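*Asks:* The file below is protein33.cif, mmCIF, C-alpha atoms:
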```cif
data_query
#
loop_
_atom_site.group_PDB
_atom_site.id
_atom_site.type_symbol
_atom_site.label_atom_id
_atom_site.label_comp_id
_atom_site.auth_asym_id
_atom_site.auth_seq_id
_atom_site.Cartn_x
_atom_site.Cartn_y
_atom_site.Cartn_z
ATOM 1 C CA MET A 11 9.607 10.826 -14.955
ATOM 2 C CA LEU A 12 6.519 9.762 -13.031
ATOM 3 C CA THR A 13 3.638 8.314 -15.031
ATOM 4 C CA LEU A 14 0.279 8.958 -13.382
ATOM 5 C CA THR A 15 -2.966 8.524 -15.325
ATOM 6 C CA SER A 16 -5.638 11.201 -15.113
ATOM 7 C CA SER A 17 -8.048 8.855 -13.302
ATOM 8 C CA LEU A 18 -5.477 8.131 -10.590
ATOM 9 C CA LEU A 19 -4.679 11.838 -10.386
ATOM 10 C CA VAL A 20 -8.374 12.623 -9.866
ATOM 11 C CA ARG A 21 -8.556 9.978 -7.112
ATOM 12 C CA MET A 22 -5.475 11.425 -5.442
ATOM 13 C CA HIS A 23 -6.850 14.968 -5.605
ATOM 14 C CA GLN A 24 -10.239 13.881 -4.200
ATOM 15 C CA HIS A 25 -8.566 12.187 -1.243
ATOM 16 C CA LEU A 26 -6.417 15.246 -0.515
ATOM 17 C CA LEU A 27 -9.321 17.694 -0.951
ATOM 18 C CA GLY A 28 -11.304 15.568 1.517
ATOM 19 C CA GLY A 29 -8.669 16.311 4.134
ATOM 20 C CA TYR A 30 -8.544 20.076 3.544
ATOM 21 C CA PRO A 31 -7.731 22.292 5.453
ATOM 22 C CA ARG A 32 -5.612 19.587 7.076
ATOM 23 C CA GLU A 33 -2.817 17.754 5.339
ATOM 24 C CA ALA A 34 -3.792 14.410 3.842
ATOM 25 C CA CYS A 35 -1.582 11.672 2.417
ATOM 26 C CA GLY A 36 -1.233 8.324 0.699
ATOM 27 C CA ILE A 37 1.065 5.768 -0.913
ATOM 28 C CA MET A 38 1.693 5.066 -4.615
ATOM 29 C CA ILE A 39 2.343 1.514 -5.768
ATOM 30 C CA GLY A 40 3.574 0.537 -9.195
ATOM 31 C CA GLN A 41 6.679 -0.312 -11.178
ATOM 32 C CA GLU A 42 10.037 1.221 -11.878
ATOM 33 C CA THR A 43 11.209 1.431 -15.476
ATOM 34 C CA TYR A 44 14.837 0.979 -16.436
ATOM 35 C CA ASP A 45 17.108 2.177 -19.184
ATOM 36 C CA GLY A 46 19.881 -0.412 -18.893
ATOM 37 C CA ALA A 47 20.789 -0.559 -15.183
ATOM 38 C CA GLN A 48 19.663 3.013 -14.592
ATOM 39 C CA GLN A 49 16.174 3.703 -13.282
ATOM 40 C CA SER A 50 14.473 5.858 -15.905
ATOM 41 C CA GLY A 51 11.099 6.411 -14.278
ATOM 42 C CA LYS A 52 8.157 5.044 -12.367
ATOM 43 C CA ILE A 53 4.651 4.073 -13.399
ATOM 44 C CA VAL A 54 1.899 4.403 -10.799
ATOM 45 C CA HIS A 55 -0.545 1.469 -10.943
ATOM 46 C CA ASP A 56 -2.632 2.214 -7.876
ATOM 47 C CA LEU A 57 -2.960 4.394 -4.798
ATOM 48 C CA VAL A 58 -3.275 3.283 -1.202
ATOM 49 C CA LEU A 59 -5.251 5.984 0.595
ATOM 50 C CA VAL A 60 -4.284 6.255 4.253
ATOM 51 C CA SER A 61 -5.368 8.479 7.088
ATOM 52 C CA ASN A 62 -2.991 11.065 8.397
ATOM 53 C CA ALA A 63 -1.550 9.338 11.481
ATOM 54 C CA TRP A 64 -0.383 12.691 12.801
ATOM 55 C CA GLU A 65 -3.961 13.449 13.805
ATOM 56 C CA VAL A 66 -3.979 10.445 16.076
ATOM 57 C CA GLU A 67 -0.595 11.145 17.581
ATOM 58 C CA SER A 68 -0.952 14.846 18.130
ATOM 59 C CA GLU A 69 -4.448 16.159 18.661
ATOM 60 C CA ARG A 70 -3.450 19.468 20.145
ATOM 61 C CA GLU A 71 -0.951 20.910 17.707
ATOM 62 C CA GLY A 72 0.008 21.182 14.117
ATOM 63 C CA LEU A 73 -2.764 19.145 12.526
ATOM 64 C CA ARG A 74 -2.794 21.339 9.468
ATOM 65 C CA ASN A 75 0.954 21.484 9.207
ATOM 66 C CA ARG A 76 2.083 17.900 9.389
ATOM 67 C CA TYR A 77 1.447 14.519 7.925
ATOM 68 C CA LEU A 78 2.588 11.099 9.040
ATOM 69 C CA ILE A 79 2.199 7.799 7.239
ATOM 70 C CA SER A 80 2.519 5.111 9.896
ATOM 71 C CA PRO A 81 4.802 2.083 9.521
ATOM 72 C CA GLU A 82 1.702 -0.139 9.776
ATOM 73 C CA ASP A 83 0.218 1.560 6.703
ATOM 74 C CA VAL A 84 3.525 1.301 4.834
ATOM 75 C CA ALA A 85 3.826 -2.400 5.757
ATOM 76 C CA ARG A 86 0.227 -3.018 4.632
ATOM 77 C CA ALA A 87 0.806 -1.215 1.311
ATOM 78 C CA ASP A 88 4.046 -3.172 0.843
ATOM 79 C CA ARG A 89 2.215 -6.495 1.306
ATOM 80 C CA GLU A 90 -0.546 -5.412 -1.081
ATOM 81 C CA ALA A 91 2.014 -4.303 -3.662
ATOM 82 C CA SER A 92 4.033 -7.545 -3.361
ATOM 83 C CA GLN A 93 0.926 -9.686 -3.873
ATOM 84 C CA ARG A 94 0.355 -7.848 -7.160
ATOM 85 C CA GLY A 95 3.998 -8.035 -8.252
ATOM 86 C CA LEU A 96 4.415 -4.305 -7.615
ATOM 87 C CA ASP A 97 6.432 -2.110 -5.262
ATOM 88 C CA ILE A 98 5.926 1.032 -3.248
ATOM 89 C CA ILE A 99 7.223 3.678 -5.647
ATOM 90 C CA GLY A 100 6.274 6.826 -3.796
ATOM 91 C CA PHE A 101 4.158 8.825 -1.414
ATOM 92 C CA PHE A 102 1.861 11.812 -1.801
ATOM 93 C CA HIS A 103 0.588 14.526 0.498
ATOM 94 C CA SER A 104 -1.093 17.920 0.375
ATOM 95 C CA HIS A 105 0.241 21.329 1.289
ATOM 96 C CA PRO A 106 -2.896 23.244 2.305
ATOM 97 C CA ASP A 107 -2.546 26.907 1.297
ATOM 98 C CA HIS A 108 1.158 26.455 0.563
ATOM 99 C CA PRO A 109 3.134 25.845 -2.660
ATOM 100 C CA ALA A 110 3.750 22.285 -3.930
ATOM 101 C CA ARG A 111 7.410 22.441 -2.908
ATOM 102 C CA PRO A 112 9.122 20.273 -0.283
ATOM 103 C CA SER A 113 9.687 21.820 3.131
ATOM 104 C CA GLU A 114 12.662 21.263 5.415
ATOM 105 C CA THR A 115 10.600 18.727 7.405
ATOM 106 C CA ASP A 116 9.711 16.926 4.180
ATOM 107 C CA ARG A 117 13.425 16.508 3.497
ATOM 108 C CA GLU A 118 14.301 15.388 7.010
ATOM 109 C CA PHE A 119 11.749 12.582 7.002
ATOM 110 C CA ALA A 120 11.905 11.516 3.347
ATOM 111 C CA TRP A 121 13.421 8.486 1.643
ATOM 112 C CA PRO A 122 15.564 8.323 -1.499
ATOM 113 C CA ASN A 123 14.665 6.614 -4.802
ATOM 114 C CA VAL A 124 10.906 7.041 -4.401
ATOM 115 C CA SER A 125 8.686 9.883 -5.602
ATOM 116 C CA PHE A 126 7.137 12.455 -3.296
ATOM 117 C CA VAL A 127 4.130 14.033 -4.949
ATOM 118 C CA ILE A 128 3.039 17.279 -3.307
ATOM 119 C CA VAL A 129 -0.328 18.806 -4.134
ATOM 120 C CA SER A 130 -0.975 22.429 -3.298
ATOM 121 C CA VAL A 131 -4.569 23.016 -2.212
ATOM 122 C CA GLU A 132 -5.765 26.596 -1.847
ATOM 123 C CA ALA A 133 -9.223 27.537 -0.613
ATOM 124 C CA GLY A 134 -10.425 23.990 -1.243
ATOM 125 C CA GLN A 135 -9.127 23.798 -4.827
ATOM 126 C CA VAL A 136 -6.121 21.940 -6.246
ATOM 127 C CA VAL A 137 -3.796 24.558 -7.734
ATOM 128 C CA ASP A 138 -0.574 22.614 -8.389
ATOM 129 C CA THR A 139 0.768 19.027 -8.426
ATOM 130 C CA ARG A 140 4.512 18.361 -8.479
ATOM 131 C CA SER A 141 6.744 15.341 -7.927
ATOM 132 C CA TRP A 142 10.095 15.355 -6.124
ATOM 133 C CA VAL A 143 12.900 12.860 -5.511
ATOM 134 C CA LEU A 144 15.336 13.089 -2.589
ATOM 135 C CA ARG A 145 19.010 13.087 -3.568
ATOM 136 C CA ASP A 146 21.212 10.188 -2.428
ATOM 137 C CA ASP A 147 23.087 12.472 -0.038
ATOM 138 C CA ARG A 148 19.781 13.789 1.405
ATOM 139 C CA SER A 149 20.892 17.376 0.664
ATOM 140 C CA ALA A 150 17.889 18.403 -1.456
ATOM 141 C CA PHE A 151 14.968 17.291 -3.594
ATOM 142 C CA ASP A 152 15.013 17.388 -7.396
ATOM 143 C CA GLU A 153 11.780 17.862 -9.280
ATOM 144 C CA GLU A 154 10.773 15.129 -11.730
ATOM 145 C CA PRO A 155 8.254 15.593 -14.533
ATOM 146 C CA ILE A 156 4.793 14.024 -14.242
ATOM 147 C CA THR A 157 3.266 12.574 -17.391
ATOM 148 C CA GLY A 158 -0.295 11.385 -17.912
ATOM 149 C CA SER A 159 0.438 8.266 -19.951
ATOM 150 C CA MET B 11 24.838 -17.530 12.957
ATOM 151 C CA SER B 12 22.938 -15.112 10.782
ATOM 152 C CA VAL B 13 19.626 -13.319 10.515
ATOM 153 C CA THR B 14 17.662 -12.084 7.527
ATOM 154 C CA VAL B 15 17.000 -8.375 7.092
ATOM 155 C CA ARG B 16 14.198 -7.239 4.754
ATOM 156 C CA ILE B 17 15.099 -4.064 2.897
ATOM 157 C CA PRO B 18 12.312 -1.613 1.919
ATOM 158 C CA THR B 19 11.973 -0.464 -1.697
ATOM 159 C CA PRO B 20 13.598 2.988 -1.238
ATOM 160 C CA LEU B 21 16.791 1.434 0.156
ATOM 161 C CA ARG B 22 17.213 -1.474 -2.257
ATOM 162 C CA PRO B 23 19.510 0.414 -4.648
ATOM 163 C CA TYR B 24 22.042 0.436 -1.775
ATOM 164 C CA THR B 25 21.917 -3.357 -1.378
ATOM 165 C CA GLY B 26 22.389 -4.049 -5.080
ATOM 166 C CA GLY B 27 18.624 -4.418 -5.524
ATOM 167 C CA LYS B 28 18.318 -7.198 -2.955
ATOM 168 C CA LYS B 29 15.063 -7.400 -1.002
ATOM 169 C CA GLU B 30 16.625 -9.508 1.730
ATOM 170 C CA VAL B 31 20.180 -9.628 2.993
ATOM 171 C CA SER B 32 21.939 -11.618 5.701
ATOM 172 C CA ALA B 33 23.606 -10.122 8.733
ATOM 173 C CA GLN B 34 25.318 -11.390 11.854
ATOM 174 C CA SER B 35 22.899 -12.144 14.714
ATOM 175 C CA GLY B 36 23.076 -10.003 17.864
ATOM 176 C CA ASP B 37 20.841 -7.234 19.123
ATOM 177 C CA VAL B 38 18.920 -4.904 16.788
ATOM 178 C CA GLU B 39 21.563 -2.193 17.003
ATOM 179 C CA GLY B 40 24.329 -4.694 16.294
ATOM 180 C CA VAL B 41 22.546 -6.227 13.310
ATOM 181 C CA LEU B 42 21.894 -2.815 11.755
ATOM 182 C CA SER B 43 25.436 -1.703 12.431
ATOM 183 C CA ALA B 44 26.818 -4.853 10.749
ATOM 184 C CA LEU B 45 24.425 -4.256 7.863
ATOM 185 C CA THR B 46 25.757 -0.752 7.272
ATOM 186 C CA GLN B 47 29.302 -2.077 7.312
ATOM 187 C CA SER B 48 28.405 -4.441 4.472
ATOM 188 C CA TYR B 49 26.373 -1.760 2.690
ATOM 189 C CA PRO B 50 27.879 1.632 3.701
ATOM 190 C CA ASP B 51 25.488 3.692 1.542
ATOM 191 C CA LEU B 52 22.621 2.595 3.796
ATOM 192 C CA ARG B 53 24.109 4.311 6.803
ATOM 193 C CA ARG B 54 23.017 7.899 6.223
ATOM 194 C CA HIS B 55 19.434 6.786 5.618
ATOM 195 C CA LEU B 56 19.200 4.665 8.779
ATOM 196 C CA PHE B 57 21.248 6.682 11.266
ATOM 197 C CA THR B 58 21.599 10.397 12.016
ATOM 198 C CA GLU B 59 25.042 12.018 11.955
ATOM 199 C CA GLN B 60 25.122 11.395 15.704
ATOM 200 C CA GLY B 61 24.733 7.674 15.080
ATOM 201 C CA VAL B 62 21.182 7.442 16.416
ATOM 202 C CA LEU B 63 18.585 5.435 14.491
ATOM 203 C CA ARG B 64 16.390 7.919 12.600
ATOM 204 C CA SER B 65 12.957 8.310 14.138
ATOM 205 C CA PHE B 66 11.092 7.328 10.975
ATOM 206 C CA VAL B 67 13.059 4.100 10.557
ATOM 207 C CA ASN B 68 10.927 1.374 12.083
ATOM 208 C CA VAL B 69 12.348 -2.040 12.804
ATOM 209 C CA TYR B 70 10.204 -5.135 13.151
ATOM 210 C CA LEU B 71 11.302 -8.473 14.573
ATOM 211 C CA GLY B 72 8.915 -10.814 12.800
ATOM 212 C CA ASP B 73 5.607 -8.924 13.137
ATOM 213 C CA GLU B 74 6.553 -6.981 16.274
ATOM 214 C CA ASP B 75 7.783 -3.411 16.347
ATOM 215 C CA VAL B 76 11.019 -3.533 18.383
ATOM 216 C CA ARG B 77 9.981 -0.306 20.148
ATOM 217 C CA PHE B 78 7.465 -2.469 22.010
ATOM 218 C CA LEU B 79 10.128 -5.068 22.794
ATOM 219 C CA ASN B 80 13.480 -3.846 24.045
ATOM 220 C CA GLY B 81 14.242 -1.222 21.384
ATOM 221 C CA PRO B 82 17.779 -1.240 19.946
ATOM 222 C CA LYS B 83 18.822 -3.771 22.583
ATOM 223 C CA THR B 84 16.214 -6.340 21.501
ATOM 224 C CA PRO B 85 18.007 -9.645 20.856
ATOM 225 C CA VAL B 86 17.684 -10.965 17.302
ATOM 226 C CA PRO B 87 18.099 -14.728 17.521
ATOM 227 C CA ASP B 88 19.802 -16.799 14.867
ATOM 228 C CA GLY B 89 17.464 -17.398 11.921
ATOM 229 C CA ALA B 90 15.080 -14.549 12.814
ATOM 230 C CA GLN B 91 13.778 -12.014 10.322
ATOM 231 C CA LEU B 92 14.244 -8.314 10.905
ATOM 232 C CA SER B 93 12.308 -5.878 8.676
ATOM 233 C CA ILE B 94 13.109 -2.225 8.114
ATOM 234 C CA VAL B 95 9.790 -0.452 7.520
ATOM 235 C CA PRO B 96 9.778 3.226 6.593
ATOM 236 C CA SER B 97 7.271 5.682 7.920
ATOM 237 C CA VAL B 98 7.051 9.012 6.174
ATOM 238 C CA ALA B 99 6.379 12.440 7.595
ATOM 239 C CA GLY B 100 6.632 16.070 6.649
ATOM 240 C CA GLY B 101 4.517 19.093 6.132
ATOM 241 C CA VAL B 102 4.359 22.719 5.138
ATOM 242 C CA PRO B 103 6.899 25.171 6.577
ATOM 243 C CA GLN B 104 6.016 26.495 10.038
#
```
Would you encode the structure as structure tokens?
*Replies:*
Amino acid sequence: MLTLTSSLLVRMHQHLLGGYPREACGIMIGQETYDGAQQSGKIVHDLVLVSNAWEVESEREGLRNRYLISPEDVARADREASQRGLDIIGFFHSHPDHPARPSETDREFAWPNVSFVIVSVEAGQVVDTRSWVLRDDRSAFDEEPITGS
Amino acid sequence: MSVTVRIPTPLRPYTGGKKEVSAQSGDVEGVLSALTQSYPDLRRHLFTEQGVLRSFVNVYLGDEDVRFLNGPKTPVPDGAQLSIVPSVAGGVPQ
């Protein structure tokens, strides 16, 4: 279960719509919740909006079809989260004119235990928002529910 | 003769929740290899099946990306701090 308030969701959508028709992305910081020793969910406290580093690295090809969050941006978000007693709990990106489901490349370059929110944007409008978690064995993503509060 | 390795949030469940762990000093490759011997569940997330460090696993010695030093062969001196910093990539199907 991923808890994401409507105001944060609006901010996320605005950032991703601003990137359309290219992919856009960002980092979610917040807290994990536990039921005993088992992680039961995550609460998003804030978003770190980053630019798609793929644009910088590859100007000629695939701008619409790829996103990259650089290690510098992840390190910066990690420092910001730590200062606030929070952690990086996930990442988000858009799928312009494609469903909000993880692709094979998403799986190859993903990390376990954090949430991957994918927002489908079609013709400049958000049509779907879903959250996914990579399995421990990296074989697939499982969808997790998103709740507003 | 040990170094400190900072573990990023997504990998902490595989180090028992620890943010920092100790490993034997050596070069970057050696430190990471020793780390995965102590914490075997880390291995598949750091290395490919061919044993090559995954391209989105970034390793910093202090504040410096080891790619700009001597890559996997960069020496990690006793007492140094190595950080594993994830980058994330993906995208819609081609």
*Asks:* Using all atoms listed in the file, can you tell me which of A:His108, A:Arg89, A:His55, A:His25 comes closest to chain B?
*Replies:*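 For chain B, the nearest of the given residues is A:His108.
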*Asks:* Of the candidates A:Ala34, A:Val129, A:Val137, A:Ala47, which shows the shortest atom-to-atom distance to A:Leu59, using all atoms listed in the file?
*Replies:*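 Distance minimum relative to A:Leu59 lands on A:Ala34.
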*Asks:* To one decimal in Å, tell me the separation between atom CA of A:Phe102 and atom CA of A:Met38.
*Replies:*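 Result for atom CA of A:Phe102 versus atom CA of A:Met38: 7.3 Å, one decimal.
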*Asks:* I'd like to see the residues matched by the PyMOL selection byres ((chain B and resi 84) around 9) on this file, and ideally I'd get them as a list of chain:residue names.
*Replies:* B:Gly36, B:Asp37, B:Val38, B:Glu39, B:Leu71, B:Val76, B:Arg77, B:Leu79, B:Asn80, B:Gly81, B:Pro82, B:Lys83, B:Pro85, B:Val86
*Asks:* I'd like the residues picked by the PyMOL selection byres ((chain B) within 6 of (chain A)) written out as a PyMOL selection string, using the chain letters and numbers from the file.
*Replies:* chain B and resi 20+95-103
*Asks:* One decimal, Å: what's the distance from atom CA of B:Val41 over to atom CA of A:Gly95, could you say?
*Replies:* 28.5 Å
*Asks:* Run through the PyMOL selection byres ((chain B and resi 27) around 12) on the given coordinates and return the selected residues as a list of chain:residue names.
*Replies:*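 When the PyMOL selection byres ((chain B and resi 27) around 12) is applied to the shown file, the picked residues are A:Ala47, A:Gln48, A:Gln49, A:Asn123, B:Arg16, B:Ile17, B:Pro18, B:Thr19, B:Pro20, B:Leu21, B:Arg22, B:Pro23, B:Tyr24, B:Thr25, B:Gly26, B:Lys28, B:Lys29, B:Glu30, B:Val31, B:Tyr49.
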*Asks:* Mind giving me the straight-line distance from atom CA of B:Glu59 to atom CA of A:Val143 in Å, one decimal?
*Replies:*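 The value is 21.3 Å.
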*Asks:* I'd like the contact shell of B:Leu56 - 10 Å cut-off, all atoms listed in the file, skipping same-chain residues fewer than 4 positions apart - returned as a list in words.
*Replies:*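 Near B:Leu56, the qualifying residues are Trp121 of chain A; Leu21, Leu42, Ser43, Thr46, Asp51, Leu52, Gly61, Val62, Leu63, Arg64, Ser65, Phe66, Val67, Asn68, Ile94 and Pro96 of chain B.
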*Asks:* Would you give the centre and edge lengths, in Å to one decimal, of a box along x, y and z around the listed atoms of stretch 86-100 of chain A, with 4 Å added to each side, as lines of an AutoDock Vina configuration file?
*Replies:*
```
center_x = 3.3
center_y = -1.4
center_z = -1.8
size_x = 15.8
size_y = 24.5
size_z = 20.9
```
*Asks:* Find the residue from A:Val127, A:Ile39, A:Val20, A:Ala133 that sits nearest to A:Asp152; use only C-alpha atoms when measuring.
*Replies:*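 Closest to A:Asp152, using only C-alpha atoms: A:Val127.
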*Asks:* Of the candidates B:Ser48, B:Gln60, B:Thr14, B:Ser93, which shows the shortest atom-to-atom distance to B:Asp75, using all atoms listed in the file?
*Replies:* B:Ser93
*Asks:* Identify which of the residues B:Arg53, B:Thr58, B:Tyr70, B:Gln47 lies closest to B:Leu92, counting only C-alpha atoms when measuring atom-to-atom distances.
*Replies:* B:Tyr70
*Asks:* From the structure block, carefully write stretch 44-55 of chain B out with all heavy atoms; format it as an mmCIF file, in the first residue's frame.
*Replies:*
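File produced: result_33.cif:
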```cif
data_model
loop_
_atom_site.group_PDB
_atom_site.id
_atom_site.type_symbol
_atom_site.label_atom_id
_atom_site.label_comp_id
_atom_site.auth_asym_id
_atom_site.auth_seq_id
_atom_site.Cartn_x
_atom_site.Cartn_y
_atom_site.Cartn_z
ATOM 1 N N ALA B 44 33.376 -9.039 -1.363
ATOM 2 C CA ALA B 44 33.366 -9.458 0.048
ATOM 3 C C ALA B 44 32.014 -9.149 0.684
ATOM 4 O O ALA B 44 31.471 -9.935 1.470
ATOM 5 C CB ALA B 44 34.497 -8.743 0.801
ATOM 6 N N LEU B 45 31.462 -7.997 0.286
ATOM 7 C CA LEU B 45 30.157 -7.586 0.831
ATOM 8 C C LEU B 45 29.075 -8.605 0.471
ATOM 9 O O LEU B 45 28.255 -8.984 1.308
ATOM 10 C CB LEU B 45 29.812 -6.211 0.241
ATOM 11 C CG LEU B 45 28.527 -5.554 0.702
ATOM 12 C CD1 LEU B 45 28.651 -5.116 2.157
ATOM 13 C CD2 LEU B 45 28.213 -4.339 -0.171
ATOM 14 N N THR B 46 29.095 -9.069 -0.776
ATOM 15 C CA THR B 46 28.057 -10.014 -1.194
ATOM 16 C C THR B 46 28.287 -11.410 -0.618
ATOM 17 O O THR B 46 27.373 -12.224 -0.601
ATOM 18 C CB THR B 46 27.942 -10.095 -2.738
ATOM 19 O OG1 THR B 46 29.200 -10.502 -3.273
ATOM 20 C CG2 THR B 46 27.541 -8.773 -3.328
ATOM 21 N N GLN B 47 29.512 -11.661 -0.142
ATOM 22 C CA GLN B 47 29.710 -12.930 0.565
ATOM 23 C C GLN B 47 29.088 -12.862 1.953
ATOM 24 O O GLN B 47 28.513 -13.826 2.447
ATOM 25 C CB GLN B 47 31.198 -13.264 0.636
ATOM 26 C CG GLN B 47 31.648 -13.963 -0.649
ATOM 27 C CD GLN B 47 33.144 -14.039 -0.799
ATOM 28 O OE1 GLN B 47 33.882 -13.953 0.181
ATOM 29 N NE2 GLN B 47 33.597 -14.192 -2.021
ATOM 30 N N SER B 48 29.193 -11.677 2.584
ATOM 31 C CA SER B 48 28.568 -11.511 3.902
ATOM 32 C C SER B 48 27.053 -11.413 3.787
ATOM 33 O O SER B 48 26.326 -11.837 4.673
ATOM 34 C CB SER B 48 29.084 -10.241 4.587
ATOM 35 O OG SER B 48 30.477 -10.240 4.645
ATOM 36 N N TYR B 49 26.600 -10.787 2.697
ATOM 37 C CA TYR B 49 25.154 -10.578 2.500
ATOM 38 C C TYR B 49 24.777 -11.090 1.108
ATOM 39 O O TYR B 49 24.636 -10.316 0.154
ATOM 40 C CB TYR B 49 24.812 -9.090 2.642
ATOM 41 C CG TYR B 49 25.214 -8.514 3.970
ATOM 42 C CD1 TYR B 49 26.397 -7.782 4.099
ATOM 43 C CD2 TYR B 49 24.433 -8.706 5.111
ATOM 44 C CE1 TYR B 49 26.787 -7.255 5.330
ATOM 45 C CE2 TYR B 49 24.804 -8.190 6.335
ATOM 46 C CZ TYR B 49 25.987 -7.469 6.438
ATOM 47 O OH TYR B 49 26.357 -6.965 7.648
ATOM 48 N N PRO B 50 24.613 -12.424 0.962
ATOM 49 C CA PRO B 50 24.425 -13.027 -0.375
ATOM 50 C C PRO B 50 23.221 -12.491 -1.140
ATOM 51 O O PRO B 50 23.243 -12.461 -2.371
ATOM 52 C CB PRO B 50 24.249 -14.516 -0.070
ATOM 53 C CG PRO B 50 24.769 -14.714 1.315
ATOM 54 C CD PRO B 50 24.614 -13.421 2.040
ATOM 55 N N ASP B 51 22.159 -12.054 -0.437
ATOM 56 C CA ASP B 51 20.972 -11.580 -1.151
ATOM 57 C C ASP B 51 21.219 -10.274 -1.912
ATOM 58 O O ASP B 51 20.420 -9.881 -2.763
ATOM 59 C CB ASP B 51 19.797 -11.388 -0.177
ATOM 60 C CG ASP B 51 19.288 -12.720 0.343
ATOM 61 O OD1 ASP B 51 19.558 -13.750 -0.319
ATOM 62 O OD2 ASP B 51 18.644 -12.737 1.407
ATOM 63 N N LEU B 52 22.329 -9.598 -1.590
ATOM 64 C CA LEU B 52 22.658 -8.368 -2.311
ATOM 65 C C LEU B 52 23.129 -8.655 -3.728
ATOM 66 O O LEU B 52 23.013 -7.808 -4.606
ATOM 67 C CB LEU B 52 23.820 -7.636 -1.602
ATOM 68 C CG LEU B 52 23.519 -6.769 -0.396
ATOM 69 C CD1 LEU B 52 24.844 -6.230 0.149
ATOM 70 C CD2 LEU B 52 22.601 -5.617 -0.782
ATOM 71 N N ARG B 53 23.686 -9.856 -3.908
ATOM 72 C CA ARG B 53 24.441 -10.124 -5.128
ATOM 73 C C ARG B 53 23.652 -9.859 -6.416
ATOM 74 O O ARG B 53 24.114 -9.172 -7.314
ATOM 75 C CB ARG B 53 24.992 -11.559 -5.112
ATOM 76 C CG ARG B 53 25.896 -11.801 -6.290
ATOM 77 C CD ARG B 53 26.833 -12.971 -6.145
ATOM 78 N NE ARG B 53 27.687 -12.973 -7.340
ATOM 79 C CZ ARG B 53 28.830 -12.299 -7.437
ATOM 80 N NH1 ARG B 53 29.280 -11.611 -6.423
ATOM 81 N NH2 ARG B 53 29.512 -12.308 -8.567
ATOM 82 N N ARG B 54 22.428 -10.394 -6.483
ATOM 83 C CA ARG B 54 21.701 -10.291 -7.748
ATOM 84 C C ARG B 54 21.312 -8.848 -8.073
ATOM 85 O O ARG B 54 21.010 -8.527 -9.217
ATOM 86 C CB ARG B 54 20.458 -11.186 -7.742
ATOM 87 C CG ARG B 54 19.366 -10.727 -6.805
ATOM 88 C CD ARG B 54 18.053 -11.416 -7.133
ATOM 89 N NE ARG B 54 18.090 -12.829 -6.836
ATOM 90 C CZ ARG B 54 17.658 -13.355 -5.693
ATOM 91 N NH1 ARG B 54 17.153 -12.584 -4.754
ATOM 92 N NH2 ARG B 54 17.700 -14.642 -5.490
ATOM 93 N N HIS B 55 21.322 -7.984 -7.054
ATOM 94 C CA HIS B 55 20.959 -6.590 -7.311
ATOM 95 C C HIS B 55 22.173 -5.738 -7.668
ATOM 96 O O HIS B 55 22.030 -4.648 -8.212
ATOM 97 C CB HIS B 55 20.231 -6.007 -6.107
ATOM 98 C CG HIS B 55 19.000 -6.784 -5.758
ATOM 99 N ND1 HIS B 55 17.896 -6.829 -6.584
ATOM 100 C CD2 HIS B 55 18.718 -7.600 -4.710
ATOM 101 C CE1 HIS B 55 16.984 -7.613 -6.047
ATOM 102 N NE2 HIS B 55 17.454 -8.104 -4.908
#
```
